[in-house]
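Visitor: This is the structure I have questions about; it appears just below.
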Amino acid sequence: MQVKKVLREFNIRPKKRLGQNFLISQHHLEKIMKVTNLSRNDVVLEIGPGVGNLTELLLENTKKVISVEKDEVLVEVLNQIFQSNKKLKIIKGDFLNINLRKIYKTEKKLLKVIANPPYYISTQIIEKLINERKYYKTAFLSFQKEYVQRMLATPATKNYGRLTIFTQVYLNVEFLFKIPKSVFYPVPVVDSMFISIRPKKVTKVKNENGLHIVTREFFCKRRKKISTILKNSSMLPTVKINRSLSDLNIDPNSRPEELSVSDYINIANSLN
Ligand code: SAH
């Protein structure tokens with residue numbers, strides 16, 4: 001599909017507020033199709049189809065495509081371009097309000113999620129993919145490069161933080177390839193990375209709320225010593241945490257960014 005030509009034909013100006021940066025490189029679209037290895041049995045949920053450049057390829061290679069698009073104007077365009085295609089269901093709406101369980105129940109099949117989504121909702125998308133992880137098999141997404149680096153970070157680096165911990169507790173993330181900003185229109189400020197996400201079958205977390213509280217309180221002072229944070233926090237059960245630090249052989253003089261993902265799980269679990 002010639003994206004720029006379609007945009008001209010329908011007289012569309014990309015909307016910044018909806019994160020509209022269209023992928024105009026056929027080479028990269030085909031690369032996406034290759035690495036995702038989708039098949040005729042797959043039911044695909046697409047976030048933000050835009051003018052349908054990826055949708056077109058998905059329709060050729062899968063059983064069914066459900067595309068959720070927030071921009072009413074683009075929904076009209078998609079309806080015109082794909083009107084005769086029975087494999088495509090276009091939902092006008094916000095992906096964040098879509099109930100994945102419901103779609104899964106209707107389709108009777110674990111979904112594959114795919115998107116070059118708007119980056120301003122990256123964190124909400126990840127939260128949703130964590131919360132509704134029972135209803136899809138794999139999600140393939142492009143995100144801002146720096147965002148992916150935070151998801152995949154290791155302890156004691158500047159990228160390591162709450163996003164890293166929540167991602168790695170619940171999801172297996174694999175980096176697939178880079179997408180340079182030059183292949184988007186309009187050209188964004190940031191480069192992208194294309195990744196796959198597979199929900200972990202089991203997690204060791206027994207106290208999800210505890211994990212939220214501990215990571216939040218610790219990481220808003222990531223450079224401070226844990227002992228200092230505990231002394232000054234009114235939100236944390238200091239005595240319990242001190243006991244669990246000593247049970248787990250964690251030095252209270254270490255800093256939040258030095259603890260591993262399993263350290264955090266263990267601390268949270270001990271607060272039960
Ligand atoms: N996938 C297309 C478009 C990417 S731009 C391509 O690769 O070219 C991001 C798309 O997501 C736009 O079409 C935008 O309108 C849509 N969008 C923005 N916020 C959304 C939301 N909350 N739910 C669904 N779609 C959204």
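Ordering of the structure tokens sets the chain letters (A, B, ...); residue numbers start at 1 within each chain; ligands are numbered from 1 in the order shown.
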Could you report the residues within 10 Å of ligand 1, using only C-alpha atoms and all ligand atoms, as an MDAnalysis selection string?

Guide: chainID A and resid 3 14:25 28:29 46:55 67:75 91:98 114:121 124:125 142 183:186

Visitor: As an NGL selection string, please: all residues of region 47-158 of chain A that backbone DSSP puts in strand (DSSP E or B).

Guide: :A and (47 or 64-69 or 88-92 or 111-115 or 136-144)

Visitor: Skipping near chain neighbours, those fewer than 2 positions away, what residues fall within 6 Å of Tyr170 (chain A) using only C-alpha atoms, listed as a PyMOL selection string?

Guide: chain A and resi 167-168+200

Visitor: What's around region 144-155 of chain A at 7 Å? Count only C-alpha atoms, leave out sequence neighbours fewer than 5 positions away in its own chain, and write the answer as a short mmCIF file (atom, residue, chain, number, x, y, z; two decimals) with all heavy atoms, in the first residue's frame.

Guide:
```
data_model
loop_
_atom_site.label_atom_id
_atom_site.label_comp_id
_atom_site.auth_asym_id
_atom_site.auth_seq_id
_atom_site.Cartn_x
_atom_site.Cartn_y
_atom_site.Cartn_z
N TYR A 119 2.61 5.78 20.77
CA TYR A 119 3.52 5.56 21.89
C TYR A 119 3.08 6.25 23.18
O TYR A 119 3.56 5.91 24.24
CB TYR A 119 4.94 5.99 21.51
CG TYR A 119 5.53 5.11 20.42
CD1 TYR A 119 6.71 5.45 19.77
CD2 TYR A 119 4.89 3.92 20.05
CE1 TYR A 119 7.24 4.63 18.77
CE2 TYR A 119 5.41 3.11 19.05
CZ TYR A 119 6.58 3.48 18.41
OH TYR A 119 7.10 2.66 17.43
N TYR A 160 16.83 0.53 34.58
CA TYR A 160 16.13 -0.44 35.44
C TYR A 160 15.14 0.28 36.35
O TYR A 160 15.49 1.27 37.00
CB TYR A 160 17.18 -1.17 36.27
CG TYR A 160 16.67 -2.31 37.12
CD1 TYR A 160 16.27 -3.50 36.54
CD2 TYR A 160 16.61 -2.19 38.50
CE1 TYR A 160 15.82 -4.56 37.32
CE2 TYR A 160 16.18 -3.25 39.29
CZ TYR A 160 15.78 -4.44 38.69
OH TYR A 160 15.34 -5.47 39.46
N LEU A 163 8.97 -0.38 35.51
CA LEU A 163 8.53 -0.99 34.24
C LEU A 163 9.27 -2.31 34.01
O LEU A 163 8.67 -3.31 33.62
CB LEU A 163 8.77 -0.02 33.08
CG LEU A 163 8.47 -0.59 31.69
CD1 LEU A 163 6.99 -0.89 31.52
CD2 LEU A 163 8.95 0.36 30.59
N THR A 164 10.59 -2.29 34.27
CA THR A 164 11.39 -3.51 34.11
C THR A 164 10.81 -4.63 34.97
O THR A 164 10.63 -5.76 34.52
CB THR A 164 12.84 -3.26 34.60
OG1 THR A 164 13.27 -1.99 34.17
CG2 THR A 164 13.76 -4.35 34.14
N THR A 167 7.25 -5.82 33.87
CA THR A 167 7.37 -6.54 32.60
C THR A 167 7.94 -7.92 32.84
O THR A 167 7.38 -8.93 32.40
CB THR A 167 8.31 -5.77 31.65
OG1 THR A 167 7.79 -4.47 31.43
CG2 THR A 167 8.43 -6.47 30.31
N VAL A 190 11.76 9.84 17.69
CA VAL A 190 12.43 8.69 18.30
C VAL A 190 12.51 7.49 17.34
O VAL A 190 11.69 7.35 16.45
CB VAL A 190 11.67 8.25 19.57
CG1 VAL A 190 11.73 9.34 20.62
CG2 VAL A 190 10.22 7.89 19.26
N ASP A 191 13.51 6.64 17.55
CA ASP A 191 13.60 5.36 16.84
C ASP A 191 12.73 4.33 17.56
O ASP A 191 12.36 4.51 18.72
CB ASP A 191 15.05 4.87 16.79
CG ASP A 191 15.90 5.69 15.83
OD1 ASP A 191 15.42 6.00 14.72
OD2 ASP A 191 17.04 6.04 16.20
N SER A 192 12.43 3.25 16.85
CA SER A 192 11.56 2.22 17.42
C SER A 192 12.22 0.86 17.44
O SER A 192 13.20 0.63 16.74
CB SER A 192 10.27 2.13 16.61
OG SER A 192 9.56 3.33 16.68
N MET A 193 11.65 -0.01 18.26
CA MET A 193 12.07 -1.41 18.26
C MET A 193 10.84 -2.28 18.16
O MET A 193 9.82 -1.99 18.78
CB MET A 193 12.81 -1.73 19.56
CG MET A 193 14.22 -1.18 19.61
SD MET A 193 14.98 -1.65 21.16
CE MET A 193 16.67 -1.20 20.83
N GLU A 257 17.82 0.24 42.92
CA GLU A 257 18.13 -0.22 41.56
C GLU A 257 19.06 -1.43 41.55
O GLU A 257 19.30 -2.02 40.51
CB GLU A 257 18.72 0.93 40.73
CG GLU A 257 19.92 1.56 41.36
CD GLU A 257 20.41 2.78 40.57
OE1 GLU A 257 19.61 3.37 39.83
OE2 GLU A 257 21.60 3.12 40.72
N GLU A 258 19.59 -1.80 42.74
CA GLU A 258 20.50 -2.94 42.80
C GLU A 258 19.81 -4.26 43.09
O GLU A 258 20.41 -5.33 42.98
CB GLU A 258 21.58 -2.68 43.86
CG GLU A 258 22.51 -1.54 43.48
CD GLU A 258 23.37 -1.04 44.64
OE1 GLU A 258 23.09 -1.38 45.81
OE2 GLU A 258 24.32 -0.29 44.36
N LEU A 259 18.53 -4.21 43.47
CA LEU A 259 17.81 -5.44 43.78
C LEU A 259 17.29 -6.11 42.52
O LEU A 259 16.85 -5.43 41.59
CB LEU A 259 16.63 -5.13 44.72
CG LEU A 259 16.92 -5.20 46.23
CD1 LEU A 259 18.16 -4.43 46.60
CD2 LEU A 259 15.71 -4.70 47.02
N SER A 260 17.31 -7.43 42.52
CA SER A 260 16.85 -8.16 41.33
C SER A 260 15.32 -8.24 41.31
O SER A 260 14.65 -7.93 42.32
CB SER A 260 17.42 -9.57 41.32
OG SER A 260 16.83 -10.31 42.36
#
```

Visitor: Between A:Val6, A:Met1, A:Leu171, A:Lys105, which one has atoms that come closest to Glu56 (chain A), using only C-alpha atoms?

Guide: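 For Glu56 (chain A), the nearest of the given residues is A:Met1.
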